[in-house]
Amino acid sequence: MAQTDTIAGKVHELEGVTITESRQQHTVTSTSPLHLMDRKDMQTMGVTDIADALHRMPGITLRDYGGAGGMKTVSVRGFGAKHTGVSYDGVMLSECQSGEIDLSRYSLDNVDELSLVIGDNDDIFIPARQASTPAVLSIQTLRKPSEDLKPHLTTQLKVGSFGYISPFLRYEQSINKRLSFSVVGEYTYAENDYPYTIQNVTETIRDRRTNSRMNTGHVELNFLYRMNNRSRLTGKVYYYDNDRQLPGQVRYYTNLSGETLHDRNAFGQLAFQTHWGERFMLKVNGKLNWAESVYRDLLMAGGVNDASYWQREAYTSAALLYMPDDRWAFDYSADYAFNNLNGSSWRTVVGKPYRHTILQSATAKYHHERLTVMGRLLYSLYLNDTKEGDSSARNMRRLSPSVSVSYRLLDDEELYVRTGYKNIFRAPTFNESYYYHYGSTDLLPESTHQWNVGLTFMSGSPQQRQLTLTLDGYLNHVSDMIVAVPYNMFVWTCVNVSKVRTLGLDATLKACQQLTGGHRLQVAGNYTYQRVANRNNPASPNYGRQIAYMPEHTGSLSLTWENPWVNLSLHGVGMSSRWPNNDHYEGTMIDGYIDCGVTLWRQFCWGRHKLEGQLDLKNVFDKQYEIVARYPMPGRSFQFSINYKF
């Protein structure tokens with residue numbers, strides 16, 4: 001018998017172990033901003049890659065270095081990319097060197113759902129590490145195979161402008177009613193030699209990107225083992241390899257660059273989950289992670305700029321959920337992680353640093369009729385040391401509270417108001433503490449305070465007519481903020497801004513109308529205003545100025561017409577002008593832009609077989625723009641994909 005657990009926000013099949021979120025209710029009643037995008041949304045909104053998907057979520061600022069091979073990092077509500085956690089199938093990704101996850105590594109073709117949680121969400125049954133950041137982007141890959149014992153195969157080929165080609169393969173099968181697995185493989189090659197223009201006073205210079213080749217692939221193996229009616233074990237083995245050239249910044253009269261970067265990453269993770277009756281649930285995760293970065297500059301004699309880095313992590317987490325009745329739920333989670341980093345020479349990273357991290361969270365949630373209240377206390381302990389020398393970063397410990405409330409205002413309408421507060425801090429990364437010439441072991445951690453108040457309204461049903469609106473206002477304070485400004489794609493210069501304040505507004509709209517004859521219209525959009533200002537010293541000329549790379553206005557809009565012939569989506573994303581530095585030097589402002597695209601797709605089905613073709617026209621007005629200074633984005637381009645499943 002299935003019973004709905006409103007405390008945990010999930011539906012539990014008590015005779016088995018299938019646990020699926022009641023997503024619509026969970027989104028509406030969430031005590032903190034929660035934005036979901038599933039595979040159907042991605043298709044109807046004309047989303048083409050992971051960066052495009054993130055542009056469609058409110059509050060996100062994406063740094064994109066251009067083209068298929070350009071690094072892509074994400075920050076939320078002015079906090080910076082190091083404050084944004086990224087979860088991959090329930091386990092957090094780590095990057096102890098720079099603290100920033102490069103999302104270009106993760107293919108949209110294997111993603112079933114993206115979700116963005118800002119603050120603390122209703123789902124309290126999570127690892128403590130997931131509660132240790134102001135915002136978490138969760139990547140959920142395609143679901144595990146169904147219980148039928150037939151093999152299922154998905155093949156896809158993408159081709160596009162500037163030498164882009166990407167085959168994709170997914171094989172999945174249930175061996176029996178208890179064991180199932182899937183294997184995913186993907187390869188991408190792109191020349192990325194797209195044209196660009198730059199203006200030098202009265203002279204217009206036209207050229208093409210050089211030294212931009214991308215050659216990358218990844219494979220992963222997933223399995224699900226249903227041990228009995230109450231327990232299950234899931235696992236993943238992942239390997240990623242990217243051998244790419246780095247085009248560098250655009251300069252007048254020359255685009256010569258000899259930089260290359262070879263990234264490799266391998267990890268394995270296990271997750272065990274069980275429950276005893278209807279009151280207790282246990283979740284245990286474990287992960288081993290290894291990553292290598294090899295940087296070469298072929299134009300520098302003697303390889304003086306060459307550097308290699310190796311980082312490792314061992315991570316484990318346990319969470320225990322107790323639900324004494326239908327109103328209350330309590331969770332205790334404890335995480336431990338060991339990280340270390342070493343480089344190829346003394347000029348890269350000093351001392352071979354390592355860190356022990358212990359995180360513990362205690363969470364209580366109350367839900368009754370219209371009211372939901374959640375409170376959490378997180379204890380963080382960071383123990384730092386080095387294998388060589390006696391100069392290590394300081395140890396850090398902190399208690400961080402958070403609380404959030406949701407209340408349903410009307411009996412006959414899905415109208416909810418919410419408010420929340422979260423305090424958290426971020427320990428400096430290994431680069432910030434130990435990087436030669438750039439790091440400092442005396443750095444203080446960044447301390448953040450975030451307040452949010454918002455509302456969600458939902459009316460109708462997806463089968464006929466539906467309208468969903470969200471509106472959130474927020475105020476954030478960051479003390480001892482460490483701002484990273486790119487020197488190139490691999491080296492960052494860290495500048496400390498003691499106090500930063502963000503005032504912002506997020507708004508989303510999604511509406512659909514089912515018409516006769518198989519026709520359906522959908523409009524979706526979001527808008528973000530954020531004023532991220534230096535508030536350190538009123539006497540400073542930089543006081544009150546917008547922080548580097550933070551636009552005041554961002555937004556997206558899509559209009560989709562689904563029909564019996566060829567489905568059509570018109571979409572666009574844009575942002576206002578930004579400064580590439582905190583000093584706002586005259587003549588350095590990056591202009592705002594609007595990037596418009598068109599997507600056409602059609603699916604054919606017969607029996608178990610599905611064939612789908614999709615054509616994406618990107619930047620149809622050939623808008624020349626930059627997201628990161630002197631890294632021009634591609635102009636007009638196309639991408640065609642054909643996908644076959646059985």
# chains A, B, ... in the order shown; residues from 1 in each chain; ligands from 1
>>> residues_around(residues="Gly613 in chain A", least_positions_apart="6", cutoff="10 Å", atoms="only C-alpha atoms", output="PyMOL selection string")
chain A and resi 156-158+566+600-604+640-644
>>> write_last_selection(atoms="C-alpha atoms", output="PDB file, in the first residue's frame")
ATOM      1  CA  GLN A 156      22.236   9.505 -30.559  1.00  0.00           C
ATOM      2  CA  LEU A 157      24.373  11.509 -32.939  1.00  0.00           C
ATOM      3  CA  LYS A 158      24.798  15.286 -32.832  1.00  0.00           C
ATOM      4  CA  VAL A 566       6.826  19.563 -36.232  1.00  0.00           C
ATOM      5  CA  LEU A 600      12.370  22.198 -34.178  1.00  0.00           C
ATOM      6  CA  TRP A 601      11.761  18.564 -33.237  1.00  0.00           C
ATOM      7  CA  ARG A 602       9.605  15.590 -34.177  1.00  0.00           C
ATOM      8  CA  GLN A 603       9.244  12.107 -32.677  1.00  0.00           C
ATOM      9  CA  PHE A 604       8.075   8.908 -34.382  1.00  0.00           C
ATOM     10  CA  PHE A 640      21.229  18.690 -35.478  1.00  0.00           C
ATOM     11  CA  SER A 641      20.636  15.518 -33.474  1.00  0.00           C
ATOM     12  CA  ILE A 642      18.989  12.213 -34.252  1.00  0.00           C
ATOM     13  CA  ASN A 643      18.033   9.866 -31.425  1.00  0.00           C
ATOM     14  CA  TYR A 644      16.881   6.262 -31.601  1.00  0.00           C
TER      15      TYR A 644
END
>>> residues_around(residues="Asn222 in chain A", least_positions_apart="3", cutoff="8 Å", atoms="only C-alpha atoms", output="ChimeraX atom specification")
/A:144,181-183,234-237
>>> write_last_selection(atoms="C-alpha atoms", output="PDB file, in the first residue's frame")
ATOM      1  CA  LYS A 144      17.456   3.197 -13.577  1.00  0.00           C
ATOM      2  CA  PHE A 181      22.342  -1.721 -14.647  1.00  0.00           C
ATOM      3  CA  SER A 182      23.077   0.861 -17.309  1.00  0.00           C
ATOM      4  CA  VAL A 183      26.186   1.827 -19.271  1.00  0.00           C
ATOM      5  CA  THR A 234      22.956   1.899  -5.927  1.00  0.00           C
ATOM      6  CA  GLY A 235      26.370   2.565  -7.391  1.00  0.00           C
ATOM      7  CA  LYS A 236      28.186   4.532 -10.060  1.00  0.00           C
ATOM      8  CA  VAL A 237      31.628   4.330 -11.659  1.00  0.00           C
TER       9      VAL A 237
END
>>> select_by_dssp(residues="range 319-562 of chain A", states="alpha helix (DSSP H)", output="PyMOL selection string")
chain A and resi 430-434
>>> atom_distance(atom1="CA of Phe272 in chain A", atom2="CA of Phe338 in chain A")
20.6 Å
>>> atom_distance(atom1="CA of Phe267 in chain A", atom2="CA of Ala307 in chain A")
22.6 Å
>>> residues_around(residues="Ser569 in chain A", least_positions_apart="2", cutoff="12 Å", atoms="only C-alpha atoms", output="ChimeraX atom specification")
/A:41-48,520-524,557-563,566-567,571-572,596-602,614-618
>>> residues_around(residues="range 453-459 of chain A", least_positions_apart="2", cutoff="7 Å", atoms="only C-alpha atoms", output="list of chain:residue names")
A:Val28, A:Glu414, A:Leu415, A:Tyr416, A:Val417, A:Arg418, A:Thr419, A:Gly420, A:Ser461, A:Gln466, A:Leu467, A:Thr468, A:Leu469, A:Thr470, A:Leu471, A:Asp472, A:Gly473, A:Tyr474
>>> write_last_selection(atoms="all heavy atoms", output="compact mmCIF listing (two decimals), in the first residue's frame")
# COMPACT_ATOMS: atom_id res chain seq x y z
N VAL A 28 5.57 23.38 -4.88
CA VAL A 28 4.66 24.41 -4.42
C VAL A 28 4.83 24.70 -2.94
O VAL A 28 4.85 25.85 -2.50
CB VAL A 28 3.19 24.01 -4.72
CG1 VAL A 28 2.23 25.01 -4.13
CG2 VAL A 28 2.99 23.91 -6.23
N GLU A 414 -3.89 27.04 -4.65
CA GLU A 414 -2.52 26.66 -4.30
C GLU A 414 -1.67 27.94 -4.23
O GLU A 414 -0.89 28.25 -5.14
CB GLU A 414 -1.95 25.70 -5.33
CG GLU A 414 -2.66 24.36 -5.39
CD GLU A 414 -2.21 23.45 -4.25
OE1 GLU A 414 -1.16 23.71 -3.66
OE2 GLU A 414 -2.93 22.48 -3.97
N LEU A 415 -1.82 28.68 -3.14
CA LEU A 415 -1.08 29.92 -2.94
C LEU A 415 -0.33 29.82 -1.62
O LEU A 415 -0.93 29.74 -0.55
CB LEU A 415 -2.02 31.13 -2.93
CG LEU A 415 -1.35 32.49 -2.66
CD1 LEU A 415 -0.31 32.80 -3.73
CD2 LEU A 415 -2.40 33.59 -2.58
N TYR A 416 1.00 29.81 -1.70
CA TYR A 416 1.84 29.63 -0.53
C TYR A 416 2.79 30.82 -0.40
O TYR A 416 3.31 31.35 -1.39
CB TYR A 416 2.68 28.35 -0.64
CG TYR A 416 1.88 27.09 -0.52
CD1 TYR A 416 1.18 26.58 -1.60
CD2 TYR A 416 1.83 26.39 0.68
CE1 TYR A 416 0.45 25.41 -1.50
CE2 TYR A 416 1.10 25.21 0.80
CZ TYR A 416 0.42 24.74 -0.29
OH TYR A 416 -0.32 23.57 -0.19
N VAL A 417 3.02 31.24 0.84
CA VAL A 417 4.03 32.25 1.14
C VAL A 417 5.12 31.58 1.96
O VAL A 417 4.85 30.65 2.74
CB VAL A 417 3.41 33.44 1.90
CG1 VAL A 417 2.85 33.01 3.25
CG2 VAL A 417 4.44 34.56 2.06
N ARG A 418 6.36 31.99 1.77
CA ARG A 418 7.48 31.36 2.47
C ARG A 418 8.49 32.43 2.90
O ARG A 418 8.57 33.51 2.31
CB ARG A 418 8.17 30.34 1.57
CG ARG A 418 8.72 30.92 0.28
CD ARG A 418 9.47 29.88 -0.54
NE ARG A 418 9.72 30.39 -1.89
CZ ARG A 418 8.92 30.19 -2.93
NH1 ARG A 418 7.82 29.47 -2.76
NH2 ARG A 418 9.20 30.70 -4.11
N THR A 419 9.23 32.10 3.92
CA THR A 419 10.32 32.96 4.36
C THR A 419 11.39 32.08 4.99
O THR A 419 11.09 30.98 5.50
CB THR A 419 9.84 34.03 5.36
OG1 THR A 419 10.92 34.93 5.65
CG2 THR A 419 9.36 33.40 6.65
N GLY A 420 12.63 32.54 4.95
CA GLY A 420 13.70 31.71 5.49
C GLY A 420 14.97 32.51 5.74
O GLY A 420 15.19 33.59 5.17
N SER A 461 -4.23 22.22 -14.23
CA SER A 461 -3.52 20.96 -14.39
C SER A 461 -2.82 20.94 -15.74
O SER A 461 -3.28 21.58 -16.69
CB SER A 461 -4.48 19.77 -14.29
OG SER A 461 -5.37 19.78 -15.39
N GLN A 466 -2.67 25.26 -17.18
CA GLN A 466 -1.96 25.39 -15.92
C GLN A 466 -1.14 26.67 -15.91
O GLN A 466 -0.59 27.09 -16.93
CB GLN A 466 -1.03 24.20 -15.68
CG GLN A 466 -0.38 24.21 -14.30
CD GLN A 466 0.46 22.98 -14.05
OE1 GLN A 466 1.35 22.66 -14.83
NE2 GLN A 466 0.20 22.28 -12.96
N LEU A 467 -1.10 27.30 -14.74
CA LEU A 467 -0.32 28.51 -14.54
C LEU A 467 0.45 28.38 -13.23
O LEU A 467 -0.13 28.06 -12.19
CB LEU A 467 -1.24 29.74 -14.48
CG LEU A 467 -0.57 31.07 -14.12
CD1 LEU A 467 0.42 31.48 -15.21
CD2 LEU A 467 -1.62 32.16 -13.88
N THR A 468 1.75 28.63 -13.29
CA THR A 468 2.59 28.60 -12.09
C THR A 468 3.41 29.89 -12.05
O THR A 468 4.07 30.24 -13.05
CB THR A 468 3.54 27.39 -12.10
OG1 THR A 468 2.78 26.20 -12.22
CG2 THR A 468 4.35 27.35 -10.81
N LEU A 469 3.36 30.57 -10.91
CA LEU A 469 4.10 31.81 -10.71
C LEU A 469 4.89 31.71 -9.42
O LEU A 469 4.39 31.20 -8.41
CB LEU A 469 3.16 33.01 -10.63
CG LEU A 469 2.27 33.33 -11.83
CD1 LEU A 469 1.23 34.38 -11.45
CD2 LEU A 469 3.12 33.86 -12.98
N THR A 470 6.13 32.19 -9.42
CA THR A 470 6.90 32.33 -8.20
C THR A 470 7.52 33.72 -8.15
O THR A 470 7.87 34.30 -9.19
CB THR A 470 8.02 31.28 -8.08
OG1 THR A 470 9.04 31.56 -9.04
CG2 THR A 470 7.48 29.87 -8.29
N LEU A 471 7.65 34.25 -6.95
CA LEU A 471 8.26 35.56 -6.74
C LEU A 471 9.02 35.51 -5.42
O LEU A 471 8.44 35.17 -4.38
CB LEU A 471 7.20 36.66 -6.71
CG LEU A 471 7.72 38.09 -6.58
CD1 LEU A 471 8.52 38.49 -7.81
CD2 LEU A 471 6.55 39.06 -6.35
N ASP A 472 10.30 35.84 -5.44
CA ASP A 472 11.13 35.82 -4.24
C ASP A 472 11.98 37.08 -4.18
O ASP A 472 12.63 37.46 -5.16
CB ASP A 472 12.06 34.60 -4.24
CG ASP A 472 11.34 33.31 -3.94
OD1 ASP A 472 11.15 33.03 -2.74
OD2 ASP A 472 10.95 32.60 -4.89
N GLY A 473 11.98 37.71 -3.01
CA GLY A 473 12.90 38.80 -2.72
C GLY A 473 13.92 38.32 -1.71
O GLY A 473 13.60 37.53 -0.82
N TYR A 474 15.16 38.79 -1.83
CA TYR A 474 16.19 38.28 -0.95
C TYR A 474 17.21 39.35 -0.60
O TYR A 474 17.41 40.34 -1.33
CB TYR A 474 16.89 37.06 -1.55
CG TYR A 474 17.44 37.25 -2.94
CD1 TYR A 474 18.73 37.68 -3.16
CD2 TYR A 474 16.66 36.95 -4.06
CE1 TYR A 474 19.25 37.83 -4.44
CE2 TYR A 474 17.16 37.09 -5.34
CZ TYR A 474 18.45 37.53 -5.53
OH TYR A 474 18.95 37.68 -6.79
>>> residues_around(residues="Gln199 in chain A", least_positions_apart="3", cutoff="12 Å", atoms="only C-alpha atoms", output="list in words")
Tyr196, Thr202, Glu203, Thr204, Ile205, Arg206, Asp207, Val250, Arg251, Tyr252, Tyr253, Gln624, Tyr625 and Arg630 of chain A
>>> write_last_selection(atoms="N, CA, C and O atoms", output="short mmCIF file (atom, residue, chain, number, x, y, z; two decimals), in the first residue's frame")
data_model
loop_
_atom_site.label_atom_id
_atom_site.label_comp_id
_atom_site.auth_asym_id
_atom_site.auth_seq_id
_atom_site.Cartn_x
_atom_site.Cartn_y
_atom_site.Cartn_z
N TYR A 196 34.69 35.90 -35.07
CA TYR A 196 34.31 36.94 -34.12
C TYR A 196 34.79 38.29 -34.66
O TYR A 196 35.63 38.37 -35.56
N THR A 202 38.06 53.04 -34.25
CA THR A 202 37.24 53.11 -35.47
C THR A 202 37.44 51.90 -36.37
O THR A 202 36.77 51.78 -37.39
N GLU A 203 38.36 51.02 -36.01
CA GLU A 203 38.67 49.87 -36.85
C GLU A 203 37.93 48.63 -36.36
O GLU A 203 37.95 48.31 -35.17
N THR A 204 37.28 47.92 -37.27
CA THR A 204 36.62 46.66 -36.96
C THR A 204 37.51 45.50 -37.41
O THR A 204 37.88 45.41 -38.59
N ILE A 205 37.87 44.63 -36.45
CA ILE A 205 38.77 43.53 -36.74
C ILE A 205 37.96 42.23 -36.75
O ILE A 205 37.24 41.93 -35.80
N ARG A 206 38.06 41.48 -37.84
CA ARG A 206 37.37 40.20 -37.99
C ARG A 206 38.40 39.07 -38.02
O ARG A 206 39.37 39.14 -38.76
N ASP A 207 38.15 38.06 -37.23
CA ASP A 207 39.10 36.95 -37.15
C ASP A 207 38.34 35.70 -36.73
O ASP A 207 37.12 35.73 -36.55
N VAL A 250 41.17 37.29 -26.41
CA VAL A 250 41.29 37.94 -27.71
C VAL A 250 42.10 39.22 -27.55
O VAL A 250 41.84 40.03 -26.66
N ARG A 251 43.10 39.40 -28.40
CA ARG A 251 43.92 40.61 -28.39
C ARG A 251 43.90 41.24 -29.78
O ARG A 251 43.65 40.57 -30.78
N TYR A 252 44.18 42.52 -29.84
CA TYR A 252 44.23 43.20 -31.12
C TYR A 252 45.40 42.67 -31.96
O TYR A 252 46.52 42.53 -31.46
N TYR A 253 45.11 42.37 -33.23
CA TYR A 253 46.11 42.02 -34.24
C TYR A 253 46.79 40.67 -34.02
O TYR A 253 47.66 40.28 -34.79
N GLN A 624 27.07 39.45 -31.54
CA GLN A 624 28.43 39.33 -31.02
C GLN A 624 28.45 39.78 -29.56
O GLN A 624 28.13 40.93 -29.26
N TYR A 625 28.81 38.87 -28.64
CA TYR A 625 28.81 39.24 -27.23
C TYR A 625 29.83 38.41 -26.47
O TYR A 625 30.37 37.43 -26.97
N ARG A 630 36.89 39.41 -23.09
CA ARG A 630 37.84 39.00 -24.13
C ARG A 630 37.74 37.52 -24.48
O ARG A 630 38.68 36.95 -25.03
#
>>> residues_around(residues="range 84-95 of chain A", least_positions_apart="3", cutoff="9 Å", atoms="only C-alpha atoms", output="count of residues only")
36
>>> select_by_dssp(residues="range 173-240 of chain A", states="strand (DSSP E)", output="VMD selection string")
chain A and resid 173 to 174 179 to 190 195 to 200 203 to 208 214 to 226 231 to 240
>>> atom_distance(atom1="CA of Gly163 in chain A", atom2="CA of Arg105 in chain A")
18.7 Å
>>> residues_around(residues="Ala629 in chain A", least_positions_apart="4", cutoff="8 Å", atoms="only C-alpha atoms", output="PDB file with all heavy atoms, in the first residue's frame")
ATOM      1  N   GLN A 249      42.702  34.830 -24.272  1.00  0.00           N
ATOM      2  CA  GLN A 249      41.966  36.067 -24.481  1.00  0.00           C
ATOM      3  C   GLN A 249      42.207  36.605 -25.879  1.00  0.00           C
ATOM      4  O   GLN A 249      43.272  36.435 -26.465  1.00  0.00           O
ATOM      5  CB  GLN A 249      42.379  37.109 -23.444  1.00  0.00           C
ATOM      6  CG  GLN A 249      42.048  36.744 -22.006  1.00  0.00           C
ATOM      7  CD  GLN A 249      42.471  37.820 -21.029  1.00  0.00           C
ATOM      8  OE1 GLN A 249      43.270  38.691 -21.351  1.00  0.00           O
ATOM      9  NE2 GLN A 249      41.940  37.765 -19.815  1.00  0.00           N
ATOM     10  N   PRO A 580      34.229  43.674 -15.586  1.00  0.00           N
ATOM     11  CA  PRO A 580      35.135  42.541 -15.396  1.00  0.00           C
ATOM     12  C   PRO A 580      36.097  42.735 -14.221  1.00  0.00           C
ATOM     13  O   PRO A 580      36.972  41.904 -13.996  1.00  0.00           O
ATOM     14  CB  PRO A 580      35.910  42.490 -16.716  1.00  0.00           C
ATOM     15  CG  PRO A 580      35.958  43.920 -17.150  1.00  0.00           C
ATOM     16  CD  PRO A 580      34.648  44.532 -16.714  1.00  0.00           C
ATOM     17  N   ILE A 590      31.587  45.243 -19.981  1.00  0.00           N
ATOM     18  CA  ILE A 590      31.138  44.246 -20.951  1.00  0.00           C
ATOM     19  C   ILE A 590      29.674  44.517 -21.272  1.00  0.00           C
ATOM     20  O   ILE A 590      28.829  44.566 -20.373  1.00  0.00           O
ATOM     21  CB  ILE A 590      31.298  42.825 -20.387  1.00  0.00           C
ATOM     22  CG1 ILE A 590      32.731  42.584 -19.917  1.00  0.00           C
ATOM     23  CG2 ILE A 590      30.903  41.786 -21.422  1.00  0.00           C
ATOM     24  CD1 ILE A 590      32.923  41.274 -19.192  1.00  0.00           C
TER      25      ILE A 590
END
>>> closest_residue(among="A:Ser479, A:Ser32, A:Ser556, A:Ser406", to="Asn536 in chain A", atoms="only C-alpha atoms")
A:Ser479
>>> closest_residue(among="A:Asp38, A:Glu586, A:Asp120, A:Asp49", to="Gln639 in chain A", atoms="only C-alpha atoms")
A:Asp49
>>> closest_residue(among="A:Tyr106, A:Gly258, A:Glu446, A:Ile124", to="Asp331 in chain A", atoms="only C-alpha atoms")
A:Ile124
